[in-house]
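Shown below: final_32.cif, with mmCIF, C-alpha atoms and all ligand atoms.
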```
data_start
#
loop_
_atom_site.label_atom_id
_atom_site.label_comp_id
_atom_site.auth_asym_id
_atom_site.auth_seq_id
_atom_site.Cartn_x
_atom_site.Cartn_y
_atom_site.Cartn_z
CA MET A 1 0.00 0.00 0.00
CA GLU A 2 1.25 3.48 -0.83
CA LYS A 3 2.42 5.38 2.25
CA ARG A 4 1.19 8.96 2.56
CA ALA A 5 3.77 11.63 3.24
CA VAL A 6 3.67 12.78 6.88
CA MET A 7 2.05 16.23 6.90
CA SER A 8 2.65 18.99 9.35
CA PHE A 9 -0.39 20.90 10.53
CA HIS A 10 -0.64 24.08 12.58
CA ILE A 11 -3.47 25.87 14.35
CA ARG A 12 -5.05 28.05 11.69
CA ARG A 13 -6.63 30.55 14.12
CA LYS A 14 -3.42 32.09 15.44
CA GLU A 15 -5.32 34.30 17.89
CA ARG A 16 -6.58 31.12 19.59
CA GLU A 17 -3.27 29.31 19.73
CA ILE A 18 -1.59 28.73 23.09
CA THR A 19 2.16 29.04 22.60
CA ASP A 20 3.19 28.99 26.26
CA LYS A 21 4.12 25.41 27.27
CA ALA A 22 3.49 26.26 30.93
CA GLU A 23 -0.12 27.15 30.09
CA MET A 24 -0.53 23.82 28.28
CA ARG A 25 0.99 21.92 31.20
CA GLN A 26 -1.42 23.70 33.54
CA VAL A 27 -4.35 22.23 31.57
CA LEU A 28 -2.91 18.71 31.94
CA LYS A 29 -2.38 19.36 35.65
CA THR A 30 -5.88 20.60 36.38
CA THR A 31 -8.14 18.39 34.25
CA LYS A 32 -9.41 15.10 35.66
CA TYR A 33 -9.29 12.97 32.56
CA VAL A 34 -7.91 12.78 29.04
CA THR A 35 -9.43 11.16 25.98
CA VAL A 36 -6.95 9.08 24.04
CA ALA A 37 -7.18 7.85 20.46
CA MET A 38 -5.48 4.61 19.43
CA CYS A 39 -5.15 2.67 16.21
CA MET A 40 -4.55 -0.98 15.30
CA ASP A 41 -4.65 -2.49 11.80
CA ASN A 42 -6.25 0.68 10.46
CA GLU A 43 -9.06 0.48 13.07
CA PRO A 44 -9.56 3.48 15.38
CA TYR A 45 -10.45 3.27 19.08
CA LEU A 46 -10.60 5.71 21.95
CA VAL A 47 -10.79 5.69 25.71
CA SER A 48 -11.12 8.29 28.42
CA LEU A 49 -8.71 7.88 31.32
CA SER A 50 -8.52 9.63 34.67
CA HIS A 51 -4.98 10.87 34.81
CA GLY A 52 -2.26 12.47 36.84
CA TYR A 53 0.24 14.68 35.02
CA ASP A 54 3.89 14.55 36.05
CA GLU A 55 5.37 17.82 34.89
CA SER A 56 9.01 16.89 35.52
CA LYS A 57 8.72 13.77 33.33
CA ASN A 58 6.16 15.27 30.95
CA CYS A 59 4.03 12.15 31.21
CA LEU A 60 0.50 11.16 32.21
CA TYR A 61 -0.18 8.31 34.62
CA PHE A 62 -3.35 6.21 34.70
CA HIS A 63 -4.61 2.91 36.05
CA CYS A 64 -6.88 0.37 34.36
CA ALA A 65 -8.13 -3.20 34.30
CA PRO A 66 -5.47 -5.81 33.44
CA GLU A 67 -7.17 -6.69 30.16
CA GLY A 68 -9.47 -5.22 27.55
CA LYS A 69 -9.51 -3.66 24.14
CA LYS A 70 -7.24 -0.68 24.86
CA LEU A 71 -4.46 -2.97 26.10
CA VAL A 72 -4.74 -5.12 22.96
CA PHE A 73 -4.40 -1.93 20.92
CA GLN A 74 -1.53 -0.70 23.09
CA LYS A 75 0.44 -3.92 22.56
CA ALA A 76 -0.05 -3.74 18.81
CA ASN A 77 0.68 -0.01 18.49
CA ASN A 78 1.53 2.16 21.49
CA LYS A 79 1.35 5.44 19.57
CA VAL A 80 -1.51 7.57 20.90
CA TRP A 81 -3.11 10.95 20.35
CA GLY A 82 -5.09 12.60 23.09
CA GLN A 83 -6.74 15.69 24.43
CA ALA A 84 -7.65 17.37 27.70
CA ILE A 85 -10.36 20.02 27.81
CA LEU A 86 -11.38 22.80 30.16
CA ASP A 87 -15.01 23.30 29.18
CA PHE A 88 -16.49 26.75 29.88
CA GLY A 89 -19.75 26.06 28.07
CA VAL A 90 -21.90 28.15 25.78
CA THR A 91 -21.56 31.90 26.15
CA GLU A 92 -24.34 34.45 25.94
CA GLU A 93 -23.26 35.06 22.34
CA CYS A 94 -23.91 31.36 21.58
CA ASP A 95 -20.20 30.78 21.18
CA TYR A 96 -18.40 27.91 22.88
CA ALA A 97 -15.64 28.69 25.37
CA TYR A 98 -12.87 26.17 26.01
CA THR A 99 -9.20 25.61 26.55
CA CYS A 100 -7.85 22.47 24.93
CA VAL A 101 -4.52 20.70 24.83
CA GLU A 102 -3.79 17.96 22.33
CA PHE A 103 -0.82 15.65 22.67
CA GLY A 104 0.91 12.83 20.85
CA GLY A 105 2.95 10.19 22.59
CA ARG A 106 3.56 6.57 23.51
CA MET A 107 1.54 4.51 25.96
CA GLU A 108 3.57 2.12 28.13
CA LEU A 109 2.60 -0.15 31.00
CA ILE A 110 4.55 0.17 34.26
CA SER A 111 5.98 -2.89 35.98
CA ASP A 112 8.37 -1.34 38.48
CA LEU A 113 6.69 -1.07 41.93
CA SER A 114 8.42 2.15 42.95
CA GLU A 115 7.29 3.82 39.73
CA LYS A 116 3.76 2.50 40.34
CA GLN A 117 3.83 4.10 43.80
CA HIS A 118 4.93 7.40 42.31
CA ALA A 119 2.34 7.10 39.51
CA MET A 120 -0.47 6.39 41.99
CA GLN A 121 0.52 9.41 44.10
CA VAL A 122 0.51 11.70 41.07
CA LEU A 123 -2.83 10.28 39.90
CA VAL A 124 -4.65 10.34 43.24
CA ARG A 125 -3.36 13.83 44.13
CA GLN A 126 -4.79 15.14 40.88
CA VAL A 127 -8.18 13.44 40.84
CA SER A 128 -9.12 12.89 44.46
CA LEU A 129 -10.66 15.35 46.92
CA ASN A 130 -8.97 13.69 49.88
CA PRO A 131 -5.79 12.28 48.34
CA GLU A 132 -3.57 11.61 51.34
CA ALA A 133 -6.26 9.58 53.14
CA ARG A 134 -6.85 7.57 49.97
CA LEU A 135 -3.17 6.96 49.37
CA ALA A 136 -2.69 5.79 52.95
CA LYS A 137 -5.18 2.98 52.29
CA ILE A 138 -3.35 1.59 49.23
CA LYS A 139 -1.23 -1.38 50.25
CA PRO A 140 1.96 -2.23 48.26
CA GLU A 141 0.64 -5.79 47.54
CA LYS A 142 -2.53 -4.32 46.06
CA LEU A 143 -0.55 -1.81 44.02
CA ALA A 144 1.76 -4.54 42.72
CA SER A 145 -1.24 -6.29 41.15
CA THR A 146 -2.80 -3.07 39.83
CA THR A 147 -2.27 -2.32 36.16
CA MET A 148 -0.80 1.14 35.72
CA GLY A 149 0.34 2.95 32.62
CA ARG A 150 2.18 6.00 31.47
CA ILE A 151 1.80 8.15 28.38
CA ASN A 152 5.12 9.73 27.48
CA ILE A 153 4.23 13.00 25.81
CA GLU A 154 6.27 13.77 22.70
CA TYR A 155 4.22 16.62 21.23
CA MET A 156 1.73 19.17 22.58
CA SER A 157 -0.38 21.94 21.09
CA GLY A 158 -2.87 24.23 22.78
CA LYS A 159 -5.88 26.24 21.70
CA LYS A 160 -8.31 28.42 23.61
CA HIS A 161 -11.46 30.21 22.73
CA ARG A 162 -12.73 32.44 25.48
CA PRO A 163 -14.82 35.30 24.09
CA THR A 164 -14.10 38.44 26.07
CA LYS A 165 -17.53 40.05 25.85
C1 LIG B 201 -14.45 10.43 32.54
C2 LIG B 201 -14.00 8.99 32.40
C3 LIG B 201 -12.86 8.56 33.09
C4 LIG B 201 -12.41 7.25 32.95
N1 LIG B 201 -11.29 6.84 33.62
C5 LIG B 201 -10.80 5.60 33.42
C6 LIG B 201 -9.57 5.19 34.03
O1 LIG B 201 -8.93 5.93 34.77
N2 LIG B 201 -9.13 3.94 33.75
C7 LIG B 201 -9.81 3.11 32.94
O2 LIG B 201 -9.35 1.98 32.72
N3 LIG B 201 -10.96 3.44 32.37
C8 LIG B 201 -11.48 4.68 32.59
N4 LIG B 201 -12.65 5.05 32.00
C9 LIG B 201 -13.37 4.09 31.15
C10 LIG B 201 -12.64 3.95 29.82
O3 LIG B 201 -12.90 5.07 29.00
C11 LIG B 201 -13.00 2.64 29.10
O4 LIG B 201 -14.40 2.60 28.95
C12 LIG B 201 -12.54 1.45 29.92
O5 LIG B 201 -11.20 1.63 30.30
C13 LIG B 201 -12.69 0.15 29.15
O6 LIG B 201 -11.79 0.17 28.09
P1 LIG B 201 -11.40 -1.17 27.35
O7 LIG B 201 -10.71 -0.81 26.09
O8 LIG B 201 -10.69 -2.11 28.27
O9 LIG B 201 -12.85 -1.71 26.98
P2 LIG B 201 -13.44 -3.17 27.01
O10 LIG B 201 -13.98 -3.43 28.36
O11 LIG B 201 -12.46 -4.15 26.43
O12 LIG B 201 -14.68 -2.96 26.06
C14 LIG B 201 -14.59 -3.04 24.67
C15 LIG B 201 -15.82 -2.51 23.98
O13 LIG B 201 -16.80 -2.04 24.90
C16 LIG B 201 -17.29 -0.78 24.52
N5 LIG B 201 -16.92 0.20 25.56
C17 LIG B 201 -15.85 0.17 26.41
N6 LIG B 201 -15.84 1.24 27.19
C18 LIG B 201 -16.93 1.97 26.86
C19 LIG B 201 -17.48 3.18 27.33
N7 LIG B 201 -16.85 3.92 28.30
N8 LIG B 201 -18.60 3.63 26.76
C20 LIG B 201 -19.20 2.95 25.79
N9 LIG B 201 -18.73 1.79 25.29
C21 LIG B 201 -17.63 1.30 25.83
C22 LIG B 201 -16.66 -0.41 23.21
O14 LIG B 201 -17.58 -0.66 22.19
C23 LIG B 201 -15.47 -1.33 23.08
O15 LIG B 201 -15.28 -1.76 21.77
C24 LIG B 201 -13.13 6.34 32.13
C25 LIG B 201 -14.25 6.79 31.42
C26 LIG B 201 -14.68 8.08 31.56
C27 LIG B 201 -15.90 8.51 30.78
#
```
This entry written out as structure tokens:
Amino acid sequence: MEKRAVMSFHIRRKEREITDKAEMRQVLKTTKYVTVAMCMDNEPYLVSLSHGYDESKNCLYFHCAPEGKKLVFQKANNKVWGQAILDFGVTEECDYAYTCVEFGGRMELISDLSEKQHAMQVLVRQVSLNPEARLAKIKPEKLASTTMGRINIEYMSGKKHRPTK
């Protein structure tokens, strides 16, 4: 089959583009979940995942069941594309206000227990209202048998549309 040339796209509406990486990272730090697209044998799939963003490693951590469609896709092709959204809803002008970050990267499963502990801390501190109490209840044996993953972010773009009126 003929391979298409890889194309480079950019945000067309320059006034909506976020160029500051720190602003993009802030979206990944404050949202509760990301939606991630995957592909295997030319078949698309997507899942939403509650996540914790590790800024120093520029990666997202998540946990999931030990089996299922997304893990079959991940084994076949770990390249993913995802997005996180801050949704500000419809404005009085019937416009839609949002801040969105898209990212490309690789999804890996974590086997090392100390990384799982770190991943769980990052995740729970981001998504839970009472993180330290929740973390205190997670026993190492339980964590060892929990499936955890990481998305290593290789590319990010950001766009926001927040009408001023
Ligand atoms: C806000 C949010 C946060 C989530 N956080 C997590 C998380 O942290 N970890 C996690 O593992 N999962 C999370 N989920 C659920 C996740 O999106 C998947 O539904 C789930 O992980 C099962 O994926 P799977 O590929 O193993 O599906 P499987 O159980 O293998 O199911 C395969 C088939 O079931 C159907 N299916 C699966 N999930 C859904 C669904 N959500 N809605 C409709 N049809 C579905 C699809 O047709 C798919 O082909 C979250 C979902 C939402 C909406």
What are the nearest atom pairs, with distances in Å to one decimal, for all residues of chain A that come at most 12 Å from ligand LIG 201 (chain B), using all atoms listed in the file, set out by chain and rising residue number as a Markdown table?
```
| residue | atom | partner | partner_atom | distance |
| --- | --- | --- | --- | --- |
| A:Thr31 | CA | B:LIG201 | C1 | 10.3 |
| A:Lys32 | CA | B:LIG201 | C1 | 7.5 |
| A:Tyr33 | CA | B:LIG201 | C3 | 5.7 |
| A:Val34 | CA | B:LIG201 | C3 | 7.7 |
| A:Thr35 | CA | B:LIG201 | O3 | 7.6 |
| A:Val36 | CA | B:LIG201 | O3 | 8.7 |
| A:Ala37 | CA | B:LIG201 | O3 | 10.6 |
| A:Met38 | CA | B:LIG201 | O7 | 10.1 |
| A:Cys39 | CA | B:LIG201 | O7 | 11.9 |
| A:Glu43 | CA | B:LIG201 | O15 | 10.9 |
| A:Pro44 | CA | B:LIG201 | O15 | 10.1 |
| A:Tyr45 | CA | B:LIG201 | O15 | 7.5 |
| A:Leu46 | CA | B:LIG201 | O3 | 7.4 |
| A:Val47 | CA | B:LIG201 | O3 | 4.0 |
| A:Ser48 | CA | B:LIG201 | O3 | 3.7 |
| A:Leu49 | CA | B:LIG201 | N1 | 3.6 |
| A:Ser50 | CA | B:LIG201 | O1 | 3.7 |
| A:His51 | CA | B:LIG201 | O1 | 6.3 |
| A:Gly52 | CA | B:LIG201 | O1 | 9.6 |
| A:Leu60 | CA | B:LIG201 | O1 | 11.1 |
| A:Tyr61 | CA | B:LIG201 | O1 | 9.1 |
| A:Phe62 | CA | B:LIG201 | O1 | 5.6 |
| A:His63 | CA | B:LIG201 | N2 | 5.2 |
| A:Cys64 | CA | B:LIG201 | O2 | 3.4 |
| A:Ala65 | CA | B:LIG201 | O2 | 5.6 |
| A:Pro66 | CA | B:LIG201 | O8 | 8.2 |
| A:Glu67 | CA | B:LIG201 | O8 | 6.1 |
| A:Gly68 | CA | B:LIG201 | O11 | 3.4 |
| A:Lys69 | CA | B:LIG201 | O7 | 3.7 |
| A:Lys70 | CA | B:LIG201 | O7 | 3.7 |
| A:Leu71 | CA | B:LIG201 | O7 | 6.6 |
| A:Val72 | CA | B:LIG201 | O7 | 8.0 |
| A:Phe73 | CA | B:LIG201 | O7 | 8.2 |
| A:Gln74 | CA | B:LIG201 | O7 | 9.7 |
| A:Ala84 | CA | B:LIG201 | C1 | 10.9 |
| A:Ile85 | CA | B:LIG201 | C1 | 11.4 |
| A:Met120 | CA | B:LIG201 | O1 | 11.1 |
| A:Leu123 | CA | B:LIG201 | O1 | 9.1 |
| A:Val124 | CA | B:LIG201 | O1 | 10.5 |
| A:Gln126 | CA | B:LIG201 | O1 | 11.8 |
| A:Val127 | CA | B:LIG201 | O1 | 9.7 |
| A:Ser128 | CA | B:LIG201 | O1 | 11.9 |
| A:Thr146 | CA | B:LIG201 | O2 | 10.9 |
| A:Thr147 | CA | B:LIG201 | O2 | 9.0 |
| A:Met148 | CA | B:LIG201 | N2 | 9.0 |
| A:Gly149 | CA | B:LIG201 | N2 | 9.6 |
| A:Arg150 | CA | B:LIG201 | O1 | 11.6 |
```
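From CA of Ser157 (chain A) back to CA of Met40 (chain A), the distance works out to 24.0 Å.
As for CA of Tyr98 (chain A) and CA of Ser56 (chain A), they are spaced 25.6 Å apart.
Between Gly89 (chain A) and the residues A:Ile138, A:Glu55, A:Arg162, A:Met7, the shortest atom-to-atom distance, using all atoms listed in the file, involves A:Arg162.
For the atom pair formed by CA of Glu93 (chain A) and CA of Ile11 (chain A), the distance is 23.2 Å, given to one decimal.
Using only C-alpha atoms for every distance, the candidate list A:Glu154, A:Asp112, A:Glu17, A:His161 yields A:His161 as the residue closest to Phe88 (chain A).
Minimum atom-to-atom distances from A:Lys57, A:Lys160, A:Arg134, A:Lys29 to Arg16 (chain A) were compared using all atoms listed in the file, and the lowest value belongs to A:Lys160.
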request  = Please provide as a PyMOL selection string all residues within 9 Å of Asp87 (chain A), with the sequence filter that same-chain residues fewer than 6 positions apart are discarded (counting all atoms listed in the file).
outcome  = chain A and resi 96-100
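Compared by their closest atoms to Glu23 (chain A), and using only C-alpha atoms, the residues A:Cys59, A:Cys94, A:Leu143, A:Val101 rank with A:Val101 nearest.
Among the candidate residues A:His10, A:Asp54, A:Ala119, A:Asn42, the one lying nearest to Gln26 (chain A) is A:Asp54, with distances computed using only C-alpha atoms.
In this comparison, which uses all atoms listed in the file, the residue of A:Ile153, A:Leu135, A:Glu141, A:Lys159 approaching Ile18 (chain A) most closely is A:Lys159.
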Which centre and edge lengths in Å to one decimal define the box along x, y and z that fits every listed atom of region 145-153 of chain A plus 4 Å per side, as AutoDock Vina command-line options?
```
--center_x 1.2 --center_y 3.4 --center_z 33.5 --size_x 15.9 --size_y 27.3 --size_z 23.3
```
Tyr155 (chain A) environment, 12 Å, only C-alpha atoms, sequence neighbours closer than 5 positions dropped, as a ChimeraX atom specification = /A:21,24-25,58-59,79-83,101-106
N, CA and C atoms are needed for region 105-128 of chain A; please write them out as an mmCIF file, in the frame of the given file.
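This is the output file out.cif:
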```cif
data_model
loop_
_atom_site.group_PDB
_atom_site.id
_atom_site.type_symbol
_atom_site.label_atom_id
_atom_site.label_comp_id
_atom_site.auth_asym_id
_atom_site.auth_seq_id
_atom_site.Cartn_x
_atom_site.Cartn_y
_atom_site.Cartn_z
ATOM 1 N N GLY A 105 1.952 10.853 21.765
ATOM 2 C CA GLY A 105 2.950 10.190 22.590
ATOM 3 C C GLY A 105 2.866 8.685 22.507
ATOM 4 N N ARG A 106 3.498 8.044 23.459
ATOM 5 C CA ARG A 106 3.560 6.570 23.510
ATOM 6 C C ARG A 106 2.979 6.083 24.833
ATOM 7 N N MET A 107 2.126 5.084 24.753
ATOM 8 C CA MET A 107 1.540 4.510 25.960
ATOM 9 C C MET A 107 2.317 3.262 26.370
ATOM 10 N N GLU A 108 2.800 3.266 27.616
ATOM 11 C CA GLU A 108 3.570 2.120 28.130
ATOM 12 C C GLU A 108 2.910 1.640 29.422
ATOM 13 N N LEU A 109 3.039 0.347 29.699
ATOM 14 C CA LEU A 109 2.600 -0.150 31.000
ATOM 15 C C LEU A 109 3.789 -0.105 31.960
ATOM 16 N N ILE A 110 3.489 0.051 33.248
ATOM 17 C CA ILE A 110 4.550 0.170 34.260
ATOM 18 C C ILE A 110 4.633 -1.135 35.048
ATOM 19 N N SER A 111 5.828 -1.674 35.174
ATOM 20 C CA SER A 111 5.980 -2.890 35.980
ATOM 21 C C SER A 111 6.723 -2.633 37.287
ATOM 22 N N ASP A 112 7.556 -1.623 37.306
ATOM 23 C CA ASP A 112 8.370 -1.340 38.480
ATOM 24 C C ASP A 112 7.498 -0.799 39.637
ATOM 25 N N LEU A 113 7.579 -1.450 40.818
ATOM 26 C CA LEU A 113 6.690 -1.070 41.930
ATOM 27 C C LEU A 113 6.937 0.362 42.403
ATOM 28 N N SER A 114 8.194 0.780 42.451
ATOM 29 C CA SER A 114 8.420 2.150 42.950
ATOM 30 C C SER A 114 7.852 3.184 41.960
ATOM 31 N N GLU A 115 7.910 2.880 40.679
ATOM 32 C CA GLU A 115 7.290 3.820 39.730
ATOM 33 C C GLU A 115 5.765 3.794 39.864
ATOM 34 N N LYS A 116 5.221 2.579 40.138
ATOM 35 C CA LYS A 116 3.760 2.500 40.340
ATOM 36 C C LYS A 116 3.350 3.351 41.537
ATOM 37 N N GLN A 117 4.164 3.310 42.603
ATOM 38 C CA GLN A 117 3.830 4.100 43.800
ATOM 39 C C GLN A 117 3.829 5.598 43.456
ATOM 40 N N HIS A 118 4.851 6.000 42.728
ATOM 41 C CA HIS A 118 4.930 7.400 42.310
ATOM 42 C C HIS A 118 3.733 7.759 41.409
ATOM 43 N N ALA A 119 3.436 6.861 40.457
ATOM 44 C CA ALA A 119 2.340 7.100 39.510
ATOM 45 C C ALA A 119 1.009 7.237 40.251
ATOM 46 N N MET A 120 0.789 6.352 41.239
ATOM 47 C CA MET A 120 -0.470 6.390 41.990
ATOM 48 C C MET A 120 -0.571 7.683 42.792
ATOM 49 N N GLN A 121 0.556 8.144 43.351
ATOM 50 C CA GLN A 121 0.520 9.410 44.100
ATOM 51 C C GLN A 121 0.148 10.577 43.178
ATOM 52 N N VAL A 122 0.785 10.610 42.016
ATOM 53 C CA VAL A 122 0.510 11.700 41.070
ATOM 54 C C VAL A 122 -0.966 11.658 40.643
ATOM 55 N N LEU A 123 -1.443 10.450 40.354
ATOM 56 C CA LEU A 123 -2.830 10.280 39.900
ATOM 57 C C LEU A 123 -3.829 10.685 40.990
ATOM 58 N N VAL A 124 -3.672 10.104 42.174
ATOM 59 C CA VAL A 124 -4.650 10.340 43.240
ATOM 60 C C VAL A 124 -4.630 11.808 43.676
ATOM 61 N N ARG A 125 -3.430 12.409 43.724
ATOM 62 C CA ARG A 125 -3.360 13.830 44.130
ATOM 63 C C ARG A 125 -4.048 14.740 43.119
ATOM 64 N N GLN A 126 -4.123 14.297 41.884
ATOM 65 C CA GLN A 126 -4.790 15.140 40.880
ATOM 66 C C GLN A 126 -6.302 14.934 40.847
ATOM 67 N N VAL A 127 -6.745 13.693 41.059
ATOM 68 C CA VAL A 127 -8.180 13.440 40.840
ATOM 69 C C VAL A 127 -9.015 13.327 42.109
ATOM 70 N N SER A 128 -8.352 13.140 43.248
ATOM 71 C CA SER A 128 -9.120 12.890 44.460
ATOM 72 C C SER A 128 -9.281 14.147 45.317
#
```
